[in-house]
$ cat entry.cif   # mmCIF, C-alpha atoms and all ligand atoms
data_my_file
#
loop_
_atom_site.label_atom_id
_atom_site.label_comp_id
_atom_site.auth_asym_id
_atom_site.auth_seq_id
_atom_site.Cartn_x
_atom_site.Cartn_y
_atom_site.Cartn_z
CA MET A 21 0.00 0.00 0.00
CA LYS A 22 1.23 3.52 -0.78
CA VAL A 23 1.37 5.60 2.39
CA ALA A 24 2.05 9.34 2.70
CA VAL A 25 4.00 9.68 5.95
CA TYR A 26 3.78 13.30 7.11
CA SER A 27 6.09 15.19 9.51
CA THR A 28 8.87 12.64 9.31
CA LYS A 29 12.32 13.21 10.76
CA PRO A 30 15.39 11.17 9.81
CA TYR A 31 15.40 9.41 13.20
CA GLU A 32 11.91 7.93 12.76
CA ARG A 33 12.35 7.04 9.09
CA GLU A 34 14.99 4.59 10.24
CA TYR A 35 12.55 2.84 12.63
CA LEU A 36 9.61 2.87 10.21
CA THR A 37 11.76 1.56 7.35
CA ARG A 38 13.10 -1.26 9.53
CA ALA A 39 9.60 -2.23 10.68
CA ASN A 40 8.21 -2.02 7.14
CA GLN A 41 10.65 -4.50 5.55
CA GLY A 42 9.47 -3.39 2.11
CA LYS A 43 5.81 -4.32 2.75
CA HIS A 44 4.41 -0.87 1.94
CA GLN A 45 5.52 2.00 -0.23
CA LEU A 46 6.30 4.68 2.36
CA LEU A 47 6.41 8.20 0.94
CA PHE A 48 8.33 10.12 3.62
CA LEU A 49 7.35 13.80 3.75
CA GLU A 50 9.12 16.40 5.88
CA ALA A 51 6.06 18.66 5.68
CA SER A 52 3.40 18.43 8.32
CA LEU A 53 -0.18 17.83 7.19
CA THR A 54 -2.11 21.08 6.68
CA THR A 55 -4.57 22.36 4.09
CA ASP A 56 -1.50 23.44 2.04
CA THR A 57 0.16 20.02 2.02
CA VAL A 58 -2.85 17.72 1.76
CA MET A 59 -2.29 17.26 -2.00
CA LEU A 60 1.04 15.54 -1.31
CA ALA A 61 -1.01 12.47 -0.37
CA GLN A 62 -2.45 12.11 -3.86
CA ASN A 63 -2.69 8.47 -5.01
CA CYS A 64 -2.31 7.30 -1.41
CA ARG A 65 -5.08 5.35 0.28
CA THR A 66 -3.39 5.80 3.65
CA VAL A 67 -1.73 8.70 5.44
CA CYS A 68 0.44 8.36 8.52
CA CYS A 69 0.48 11.32 10.94
CA PHE A 70 2.08 12.56 14.15
CA VAL A 71 1.01 14.78 17.06
CA ASN A 72 1.04 18.20 15.38
CA ASP A 73 -0.41 17.25 12.00
CA GLN A 74 -3.70 19.04 11.43
CA LEU A 75 -6.58 16.65 10.97
CA HIS A 76 -9.42 19.14 11.17
CA ALA A 77 -12.62 18.97 9.12
CA GLU A 78 -11.33 20.67 5.95
CA VAL A 79 -8.20 18.52 5.77
CA LEU A 80 -10.19 15.33 6.43
CA LYS A 81 -12.71 16.17 3.69
CA ARG A 82 -9.93 16.86 1.19
CA LEU A 83 -8.13 13.66 2.11
CA TRP A 84 -11.37 11.73 1.59
CA ASP A 85 -11.98 13.41 -1.79
CA GLN A 86 -8.46 12.41 -2.85
CA GLY A 87 -9.20 8.76 -2.03
CA VAL A 88 -7.63 8.45 1.43
CA ARG A 89 -9.56 5.94 3.54
CA PHE A 90 -7.20 5.13 6.42
CA ILE A 91 -5.22 7.34 8.81
CA ALA A 92 -2.50 5.64 10.83
CA LEU A 93 -1.49 7.88 13.72
CA ARG A 94 1.96 7.06 15.01
CA CYS A 95 1.17 8.44 18.47
CA THR A 96 -1.09 7.65 21.42
CA GLY A 97 -3.12 10.88 21.71
CA PHE A 98 -5.69 11.67 18.99
CA ASN A 99 -6.86 15.14 20.07
CA GLN A 100 -5.58 16.51 16.73
CA VAL A 101 -8.30 14.59 14.84
CA ASP A 102 -11.82 15.94 14.30
CA LEU A 103 -13.40 12.59 15.13
CA PRO A 104 -17.06 13.46 14.36
CA THR A 105 -16.05 14.54 10.84
CA ALA A 106 -13.80 11.49 10.38
CA ARG A 107 -16.65 9.19 11.43
CA ALA A 108 -19.21 10.95 9.23
CA LEU A 109 -16.90 10.55 6.24
CA GLY A 110 -16.15 6.90 7.01
CA LEU A 111 -12.41 7.36 7.54
CA VAL A 112 -10.79 4.64 9.63
CA ILE A 113 -8.37 6.00 12.24
CA ALA A 114 -5.75 3.92 14.05
CA ARG A 115 -3.20 4.85 16.68
CA VAL A 116 -0.41 3.35 18.74
CA PRO A 117 -2.22 2.85 22.05
CA GLU A 118 0.82 2.13 24.15
CA TYR A 119 4.44 2.17 23.04
CA SER A 120 6.50 2.76 26.10
CA PRO A 121 4.65 4.22 29.07
CA HIS A 122 8.01 3.93 30.84
CA ALA A 123 9.58 6.45 28.46
CA ILE A 124 7.11 9.17 29.41
CA ALA A 125 6.91 8.23 33.11
CA GLU A 126 10.71 8.23 33.45
CA HIS A 127 10.96 11.59 31.65
CA THR A 128 8.41 12.96 34.10
CA LEU A 129 10.62 11.87 36.99
CA GLY A 130 13.55 13.51 35.18
CA LEU A 131 11.71 16.85 35.09
CA ILE A 132 10.84 16.57 38.79
CA LEU A 133 14.43 15.87 39.85
CA MET A 134 15.78 18.56 37.57
CA LEU A 135 13.47 21.17 39.07
CA ASN A 136 13.69 20.05 42.67
CA ARG A 137 17.51 19.91 42.73
CA HIS A 138 17.98 22.79 40.24
CA LEU A 139 20.11 20.55 38.04
CA HIS A 140 19.59 22.79 35.00
CA ARG A 141 21.16 25.71 36.86
CA ALA A 142 23.86 23.63 38.58
CA HIS A 143 25.03 22.30 35.21
CA TYR A 144 25.70 25.78 33.82
CA ARG A 145 27.14 27.07 37.11
CA ILE A 146 29.90 24.44 37.13
CA ARG A 147 30.75 25.19 33.50
CA GLU A 148 31.31 28.83 34.49
CA ASN A 149 33.71 27.83 37.25
CA ASP A 150 31.08 28.72 39.87
CA TYR A 151 30.88 26.08 42.61
CA SER A 152 28.68 28.02 45.02
CA LEU A 153 25.44 26.40 46.25
CA ASN A 154 23.39 29.55 46.87
CA GLY A 155 19.94 29.15 45.36
CA LEU A 156 20.32 25.42 44.70
CA LEU A 157 18.61 24.17 47.88
CA GLY A 158 16.23 21.30 47.07
CA PHE A 159 13.88 19.07 49.04
CA ASP A 160 13.69 15.31 49.62
CA LEU A 161 11.01 13.57 47.60
CA VAL A 162 10.45 10.92 50.24
CA GLY A 163 7.26 11.62 52.19
CA LYS A 164 5.98 14.23 49.74
CA THR A 165 2.48 14.00 48.24
CA VAL A 166 2.22 13.51 44.48
CA ALA A 167 -1.16 14.01 42.78
CA ILE A 168 -1.61 12.17 39.49
CA LEU A 169 -4.39 13.03 37.04
CA GLY A 170 -5.00 10.00 34.88
CA THR A 171 -3.73 6.58 35.94
CA GLY A 172 -3.86 4.84 32.56
CA ALA A 173 -0.79 3.31 30.93
CA ILE A 174 1.60 6.19 31.67
CA GLY A 175 0.07 7.46 34.91
CA SER A 176 0.16 3.98 36.48
CA VAL A 177 3.88 3.49 35.67
CA PHE A 178 4.56 6.96 37.05
CA ALA A 179 2.53 6.16 40.20
CA ARG A 180 4.67 3.07 40.85
CA ILE A 181 7.87 5.05 40.31
CA MET A 182 6.77 7.68 42.83
CA LEU A 183 5.64 5.02 45.34
CA GLY A 184 9.14 3.58 44.93
CA MET A 185 10.62 7.00 45.76
CA GLY A 186 8.74 6.87 49.08
CA CYS A 187 6.10 9.43 48.10
CA ARG A 188 2.46 9.43 49.11
CA VAL A 189 0.55 9.08 45.84
CA ILE A 190 -2.99 10.39 45.44
CA ALA A 191 -4.87 10.29 42.15
CA TYR A 192 -7.99 11.09 40.21
CA ASP A 193 -9.21 9.02 37.28
CA PRO A 194 -12.82 8.41 36.19
CA CYS A 195 -11.79 4.72 35.88
CA PRO A 196 -9.67 4.03 38.98
CA SER A 197 -7.34 1.02 39.01
CA ASP A 198 -7.92 -1.55 41.79
CA ASP A 199 -4.39 -2.78 41.23
CA LEU A 200 -2.89 0.65 41.95
CA ALA A 201 -5.20 1.16 44.92
CA GLU A 202 -3.88 -2.12 46.37
CA GLN A 203 -0.33 -0.87 45.85
CA GLY A 204 -1.02 2.25 47.90
CA VAL A 205 -2.41 4.85 45.50
CA VAL A 206 -5.26 6.75 47.17
CA TYR A 207 -8.00 7.82 44.75
CA LYS A 208 -9.79 11.06 45.58
CA ALA A 209 -12.41 13.31 44.04
CA LEU A 210 -10.88 15.96 41.80
CA ASP A 211 -11.59 18.88 44.14
CA GLU A 212 -10.03 16.98 47.06
CA LEU A 213 -6.77 16.49 45.20
CA TRP A 214 -5.25 19.92 44.96
CA ALA A 215 -4.82 21.18 48.54
CA SER A 216 -2.50 18.45 49.83
CA ALA A 217 -0.30 17.90 46.76
CA ASP A 218 3.35 19.00 46.71
CA ILE A 219 3.61 17.83 43.09
CA VAL A 220 0.82 17.65 40.50
CA SER A 221 1.46 15.60 37.35
CA LEU A 222 -0.90 15.34 34.36
CA HIS A 223 -1.33 12.03 32.51
CA CYS A 224 -4.83 12.24 31.03
CA PRO A 225 -5.74 12.79 27.38
CA LEU A 226 -6.75 16.16 25.97
CA THR A 227 -10.49 16.14 25.29
CA PRO A 228 -12.97 19.03 24.97
CA VAL A 229 -13.91 18.43 28.64
CA ASN A 230 -10.27 18.49 29.83
CA TYR A 231 -9.30 21.63 27.89
CA HIS A 232 -7.62 24.05 30.36
CA MET A 233 -8.46 21.78 33.28
CA ILE A 234 -5.63 23.53 35.11
CA ASP A 235 -6.85 27.12 35.15
CA GLN A 236 -6.64 30.02 37.60
CA THR A 237 -9.44 28.65 39.82
CA VAL A 238 -7.74 25.28 40.18
CA LEU A 239 -4.29 26.82 40.67
CA GLU A 240 -5.63 28.90 43.55
CA GLN A 241 -6.67 25.68 45.33
CA MET A 242 -3.14 24.24 45.15
CA LYS A 243 -0.46 24.55 47.81
CA GLN A 244 1.66 27.70 47.67
CA GLY A 245 4.86 26.74 45.81
CA VAL A 246 3.42 23.59 44.22
CA MET A 247 5.36 21.78 41.48
CA LEU A 248 3.27 21.36 38.32
CA ILE A 249 4.36 18.86 35.65
CA ASN A 250 2.71 18.38 32.26
CA THR A 251 4.00 15.66 29.93
CA SER A 252 0.57 14.95 28.48
CA ARG A 253 -0.87 17.64 26.18
CA GLY A 254 -0.26 21.38 26.32
CA ALA A 255 -3.86 22.57 26.26
CA LEU A 256 -4.69 20.74 29.50
CA VAL A 257 -3.11 23.81 31.07
CA ASP A 258 -4.08 27.47 30.68
CA THR A 259 -0.58 28.82 30.06
CA ARG A 260 -1.46 32.44 30.85
CA ALA A 261 -2.89 31.41 34.23
CA VAL A 262 0.27 29.40 34.88
CA ILE A 263 2.45 32.43 34.11
CA ALA A 264 0.39 34.48 36.60
CA GLY A 265 0.87 31.64 39.13
CA LEU A 266 4.63 31.64 38.59
CA LYS A 267 4.79 35.42 39.03
CA SER A 268 2.83 35.29 42.30
CA GLY A 269 4.80 32.29 43.66
CA GLN A 270 1.70 30.08 43.76
CA ILE A 271 3.59 27.77 41.40
CA GLY A 272 7.07 27.09 42.75
CA TYR A 273 8.25 24.85 39.92
CA LEU A 274 6.97 24.13 36.42
CA GLY A 275 8.06 21.24 34.20
CA LEU A 276 6.64 20.98 30.69
CA ASP A 277 7.22 18.58 27.83
CA VAL A 278 4.21 19.92 25.95
CA TYR A 279 2.85 23.39 25.21
CA GLU A 280 -0.58 24.39 23.97
CA GLU A 281 0.84 26.25 20.97
CA GLU A 282 3.67 23.80 20.27
CA GLY A 283 2.53 23.10 16.68
CA GLY A 284 4.92 24.92 14.33
CA LEU A 285 7.46 25.33 17.14
CA PHE A 286 8.45 21.97 18.59
CA PHE A 287 10.43 19.40 16.58
CA GLU A 288 12.08 22.15 14.46
CA ASP A 289 15.38 24.06 14.71
CA TYR A 290 14.67 27.79 14.90
CA SER A 291 17.96 28.68 16.57
CA LEU A 292 18.78 31.28 13.89
CA GLN A 293 15.36 32.97 14.08
CA LEU A 294 13.59 35.21 16.54
CA LEU A 295 11.03 33.58 18.81
CA GLN A 296 7.63 35.00 17.84
CA ASP A 297 5.50 33.44 20.61
CA ASP A 298 5.46 35.99 23.46
CA VAL A 299 3.71 33.65 25.91
CA PHE A 300 6.33 30.95 25.39
CA ALA A 301 9.09 33.57 25.58
CA ARG A 302 7.74 34.68 28.99
CA LEU A 303 7.84 31.09 30.25
CA LEU A 304 11.51 30.89 29.31
CA THR A 305 12.36 33.82 31.60
CA PHE A 306 11.59 31.94 34.83
CA PRO A 307 14.50 30.16 36.55
CA ASN A 308 12.10 27.63 38.08
CA VAL A 309 10.71 26.46 34.73
CA VAL A 310 12.13 23.54 32.74
CA ILE A 311 10.78 22.82 29.27
CA THR A 312 11.59 19.98 26.91
CA GLY A 313 10.23 19.92 23.36
CA HIS A 314 7.82 16.97 23.39
CA GLN A 315 10.62 14.47 23.78
CA ALA A 316 9.25 12.32 26.62
CA PHE A 317 8.41 9.57 24.09
CA PHE A 318 11.84 9.73 22.48
CA THR A 319 13.59 6.50 23.45
CA HIS A 320 14.90 3.63 21.35
CA GLU A 321 12.31 1.27 22.82
CA ALA A 322 9.41 3.63 22.15
CA LEU A 323 10.43 4.35 18.55
CA THR A 324 10.81 0.61 17.91
CA THR A 325 7.26 -0.08 19.15
CA ILE A 326 5.82 2.95 17.32
CA GLY A 327 7.37 1.69 14.05
CA ASP A 328 6.22 -1.91 14.57
CA THR A 329 2.66 -1.02 15.65
CA THR A 330 2.16 1.57 12.90
CA ILE A 331 3.25 -0.83 10.16
CA ALA A 332 1.15 -3.64 11.70
CA ASN A 333 -1.91 -1.32 11.76
CA ILE A 334 -1.40 -0.52 8.06
CA SER A 335 -0.91 -4.19 7.12
CA HIS A 336 -3.99 -5.35 9.04
CA TYR A 337 -6.08 -2.60 7.46
CA GLU A 338 -4.83 -3.59 4.00
CA GLN A 339 -5.70 -7.25 4.71
CA ASP A 340 -9.17 -6.24 5.93
CA GLN A 341 -8.40 -7.49 9.45
CA LEU A 342 -9.96 -4.52 11.24
CA ALA A 343 -10.24 -6.43 14.52
CA GLN A 344 -6.43 -6.39 14.69
CA VAL A 345 -6.07 -2.68 13.96
CA HIS A 346 -5.70 -0.44 17.02
CA LEU A 347 -8.66 1.73 16.18
CA VAL A 348 -9.38 5.10 17.77
CA ASP A 349 -12.70 4.59 19.48
P1 LIG A 401 -4.36 6.04 28.67
O1 LIG A 401 -5.55 6.12 27.79
O2 LIG A 401 -3.75 4.71 28.94
O3 LIG A 401 -4.68 6.72 30.09
C1 LIG A 401 -5.34 7.94 30.21
C2 LIG A 401 -6.11 7.91 31.52
O4 LIG A 401 -6.65 9.21 31.74
C3 LIG A 401 -7.29 6.93 31.51
O5 LIG A 401 -7.19 6.06 32.62
C4 LIG A 401 -8.52 7.83 31.61
O6 LIG A 401 -9.57 7.24 32.34
C5 LIG A 401 -7.94 9.03 32.34
N1 LIG A 401 -8.69 10.27 32.21
C6 LIG A 401 -9.49 10.70 31.22
N2 LIG A 401 -9.99 11.91 31.50
C7 LIG A 401 -9.51 12.24 32.74
C8 LIG A 401 -9.65 13.38 33.57
N3 LIG A 401 -10.43 14.41 33.22
N4 LIG A 401 -9.00 13.40 34.75
C9 LIG A 401 -8.22 12.36 35.12
N5 LIG A 401 -8.04 11.26 34.37
C10 LIG A 401 -8.68 11.21 33.20
O7 LIG A 401 -3.28 7.03 28.01
P2 LIG A 401 -1.70 7.05 28.26
O8 LIG A 401 -1.03 6.13 27.31
O9 LIG A 401 -1.42 6.90 29.72
O10 LIG A 401 -1.35 8.52 27.78
C11 LIG A 401 -1.85 9.65 28.47
C12 LIG A 401 -1.58 10.88 27.65
O11 LIG A 401 -0.16 11.11 27.59
C13 LIG A 401 -1.98 10.76 26.15
O12 LIG A 401 -3.35 11.07 25.97
C14 LIG A 401 -1.09 11.76 25.49
O13 LIG A 401 -1.77 13.00 25.45
C15 LIG A 401 0.11 11.88 26.44
N6 LIG A 401 1.37 11.39 25.84
C16 LIG A 401 2.45 12.23 25.81
C17 LIG A 401 3.65 11.79 25.27
C18 LIG A 401 4.88 12.68 25.22
O14 LIG A 401 5.85 12.35 24.50
N7 LIG A 401 4.93 13.76 25.95
C19 LIG A 401 3.73 10.51 24.73
C20 LIG A 401 2.61 9.67 24.80
C21 LIG A 401 1.43 10.13 25.36
#

$ encode --input "entry.cif" --output "structure tokens"
Amino acid sequence: MKVAVYSTKPYEREYLTRANQGKHQLLFLEASLTTDTVMLAQNCRTVCCFVNDQLHAEVLKRLWDQGVRFIALRCTGFNQVDLPTARALGLVIARVPEYSPHAIAEHTLGLILMLNRHLHRAHYRIRENDYSLNGLLGFDLVGKTVAILGTGAIGSVFARIMLGMGCRVIAYDPCPSDDLAEQGVVYKALDELWASADIVSLHCPLTPVNYHMIDQTVLEQMKQGVMLINTSRGALVDTRAVIAGLKSGQIGYLGLDVYEEEGGLFFEDYSLQLLQDDVFARLLTFPNVVITGHQAFFTHEALTTIGDTTIANISHYEQDQLAQVHLVD
């Protein structure tokens, strides 16, 4: 099958090519999918997309008109897809439901340790021949309360990691896990979660209901100096409210791997250009903010599984074995 693979970088071509073993004709495109690039998928029945490809109504209709019938997402989240339009058209959408929850959970721990022990600042201090410790005082994680929103694949691995660090783990999920509860995770109602948490970490999908779930009202209910971590999707957080929280000291530490306006910014090298996003630029001014560019998934193990599952989804679709395709439901 001929597949237009949008937004590809050299590092993932390697994994997709290895998984493909010549089964499908993969047309690797550097361009992301937008209304301007939709025609690049001409003569393809399948397109393969990543997190910041635009799969809104107009793009979906044009893909359909061109003969595209199957969209293989090579990511877990599917908030970038206008699902009602896709369903109305009859497009089949697949995703990679779980590739390495450990990759994202371990990256989350990395952000926490970096912020808590000021490792980002310590690294540069030593390089400047400055061995002073002023301003680098951290706190022990043991005994601290970590609130987790969403205890699915990633949140549950993260919960176990934090239990292993000796933290008290509290959580909210509309579908709580008995297994985690037995291991010591205490499920609470959402409004009971904020006040006691030293660290809040987001691991739920972005849906219309969850949009800006962390807003000014919620931030005001959190502990003064709370650490907020988002490795899930940028728009779960109202960035302007977070900036106000950082300025007032309500938020003591912020770790982000995702940003609500990351499309057109993350995954690209703009080091020779001026940053145009003033909100993002403001975030970069805070010493207690650490941002990575949507790289939590970026491990050898995760890319291997993403490649294998994506190619398997395409093959099963081609062979009319829909029961074996990881469909977005
Ligand atoms: P999952 O579907 O296994 O788990 C999500 C959990 O969130 C489910 O248990 C669900 O019941 C729960 N949930 C839904 N709405 C909620 C709400 N309002 N409050 C609390 N919990 C809620 O998904 P996953 O594999 O654990 O991935 C979680 C998210 O992580 C994805 O949706 C994606 O946005 C993000 N992600 C980020 C990266 C990255 O590189 N930064 C990589 C993969 C996934």

$ atom_distance --input "entry.cif" --atom1 "atom CA of A:Ser27" --atom2 "atom CA of A:Glu282"
14.0 Å

$ atom_distance --input "entry.cif" --atom1 "atom CA of A:Val189" --atom2 "atom CA of A:Leu222"
13.2 Å

$ residues_near_ligand --input "entry.cif" --ligand "ligand LIG 401 (chain A)" --cutoff "8 Å" --atoms "all atoms listed in the file" --output "number ranges by chain"
A: 95-99, 117-119, 121, 124, 168-176, 192-196, 210, 222-227, 229-230, 233, 251-253, 277-278, 314-318

$ residues_around --input "entry.cif" --residues "A:Val220" --least-positions-apart "2" --cutoff "6 Å" --atoms "all atoms listed in the file" --output "PyMOL selection string"
chain A and resi 166-167+248

$ closest_atom_pairs --input "entry.cif" --of "stretch 100-151 of chain A" --to "stretch 234-246 of chain A" --cutoff "12 Å" --atoms "only C-alpha atoms" --output "JSON lines"
{"residue": "A:Ile132", "atom": "CA", "partner": "A:Val246", "partner_atom": "CA", "distance": 11.6}
{"residue": "A:Leu135", "atom": "CA", "partner": "A:Val246", "partner_atom": "CA", "distance": 11.5}
{"residue": "A:Asn136", "atom": "CA", "partner": "A:Val246", "partner_atom": "CA", "distance": 11.0}

$ residues_around --input "entry.cif" --residues "A:Thr325" --least-positions-apart "2" --cutoff "12 Å" --atoms "all atoms listed in the file" --output "PyMOL selection string"
chain A and resi 32+35-36+38-39+94-96+115-121+123+317-323+327-333

$ residues_around --input "entry.cif" --residues "stretch 58-75 of chain A" --least-positions-apart "4" --cutoff "6 Å" --atoms "all atoms listed in the file" --output "list in words"
Lys22, Val23, Ala24, Val25, Tyr26, Ser52, Leu53, Thr54, Val79, Leu80, Gly87, Val88, Arg89, Phe90, Ile91, Ala92, Leu93, Arg94, Gln100, Val101 and Gly283 of chain A

$ closest_residue --input "entry.cif" --among "A:Asp199, A:Glu212, A:Asp218, A:Asp56" --to "A:Lys164" --atoms "all atoms listed in the file"
A:Asp218

$ atom_distance --input "entry.cif" --atom1 "atom CA of A:Asn250" --atom2 "atom CA of A:Leu276"
5.0 Å

$ closest_residue --input "entry.cif" --among "A:Leu46, A:Leu200, A:Ala261, A:Ala51" --to "A:Thr28" --atoms "only C-alpha atoms"
A:Ala51

$ closest_residue --input "entry.cif" --among "A:Leu303, A:Leu213, A:Ile181, A:Ala114" --to "A:Leu342" --atoms "only C-alpha atoms"
A:Ala114

$ residues_around --input "entry.cif" --residues "A:Val206" --least-positions-apart "4" --cutoff "8 Å" --atoms "all atoms listed in the file" --output "ChimeraX atom specification"
/A:189-191,201

$ write_last_selection --input "entry.cif" --atoms "C-alpha atoms" --output "compact mmCIF listing (two decimals), in the frame of the given file"
# COMPACT_ATOMS: atom_id res chain seq x y z
CA VAL A 189 0.55 9.08 45.84
CA ILE A 190 -2.99 10.39 45.44
CA ALA A 191 -4.87 10.29 42.15
CA ALA A 201 -5.20 1.16 44.92

$ build_atoms --input "entry.cif" --residues "stretch 225-233 of chain A" --atoms "all heavy atoms" --output "compact mmCIF listing (two decimals), keeping the file's coordinate frame"
# COMPACT_ATOMS: atom_id res chain seq x y z
N PRO A 225 -5.71 12.30 28.76
CA PRO A 225 -5.74 12.79 27.38
C PRO A 225 -6.38 14.18 27.30
O PRO A 225 -7.10 14.58 28.22
CB PRO A 225 -6.63 11.77 26.67
CG PRO A 225 -7.49 11.18 27.73
CD PRO A 225 -6.71 11.24 29.00
N LEU A 226 -6.08 14.88 26.21
CA LEU A 226 -6.75 16.16 25.97
C LEU A 226 -8.07 15.88 25.26
O LEU A 226 -8.09 15.27 24.19
CB LEU A 226 -5.87 17.05 25.09
CG LEU A 226 -6.50 18.37 24.64
CD1 LEU A 226 -6.85 19.25 25.83
CD2 LEU A 226 -5.59 19.12 23.68
N THR A 227 -9.16 16.27 25.89
CA THR A 227 -10.49 16.14 25.29
C THR A 227 -11.16 17.51 25.43
O THR A 227 -10.65 18.35 26.19
CB THR A 227 -11.34 15.10 26.07
OG1 THR A 227 -11.49 15.58 27.41
CG2 THR A 227 -10.68 13.74 26.10
N PRO A 228 -12.29 17.73 24.77
CA PRO A 228 -12.97 19.03 24.97
C PRO A 228 -13.28 19.29 26.44
O PRO A 228 -13.19 20.43 26.91
CB PRO A 228 -14.25 18.87 24.15
CG PRO A 228 -13.89 17.87 23.08
CD PRO A 228 -12.92 16.92 23.72
N VAL A 229 -13.59 18.25 27.21
CA VAL A 229 -13.91 18.43 28.64
C VAL A 229 -12.66 18.82 29.43
O VAL A 229 -12.71 19.62 30.37
CB VAL A 229 -14.51 17.11 29.20
CG1 VAL A 229 -14.74 17.21 30.69
CG2 VAL A 229 -15.81 16.79 28.49
N ASN A 230 -11.51 18.25 29.07
CA ASN A 230 -10.27 18.49 29.83
C ASN A 230 -9.53 19.76 29.42
O ASN A 230 -8.53 20.10 30.05
CB ASN A 230 -9.28 17.33 29.62
CG ASN A 230 -9.83 16.04 30.20
OD1 ASN A 230 -10.80 16.07 30.92
ND2 ASN A 230 -9.19 14.94 29.87
N TYR A 231 -9.99 20.43 28.37
CA TYR A 231 -9.30 21.63 27.89
C TYR A 231 -9.15 22.64 29.04
O TYR A 231 -10.11 22.96 29.71
CB TYR A 231 -10.10 22.24 26.73
CG TYR A 231 -9.52 23.53 26.20
CD1 TYR A 231 -8.43 23.51 25.34
CD2 TYR A 231 -10.04 24.76 26.59
CE1 TYR A 231 -7.87 24.70 24.86
CE2 TYR A 231 -9.50 25.95 26.12
CZ TYR A 231 -8.42 25.90 25.26
OH TYR A 231 -7.87 27.08 24.80
N HIS A 232 -7.92 23.09 29.28
CA HIS A 232 -7.62 24.05 30.36
C HIS A 232 -8.13 23.57 31.72
O HIS A 232 -8.65 24.37 32.51
CB HIS A 232 -8.17 25.44 30.04
CG HIS A 232 -7.31 26.19 29.05
ND1 HIS A 232 -7.50 27.50 28.73
CD2 HIS A 232 -6.23 25.81 28.33
CE1 HIS A 232 -6.59 27.90 27.85
NE2 HIS A 232 -5.80 26.88 27.59
N MET A 233 -8.01 22.29 31.97
CA MET A 233 -8.46 21.78 33.28
C MET A 233 -7.64 22.40 34.42
O MET A 233 -8.13 22.53 35.54
CB MET A 233 -8.42 20.25 33.34
CG MET A 233 -7.04 19.63 33.30
SD MET A 233 -7.11 17.84 33.07
CE MET A 233 -7.92 17.34 34.56
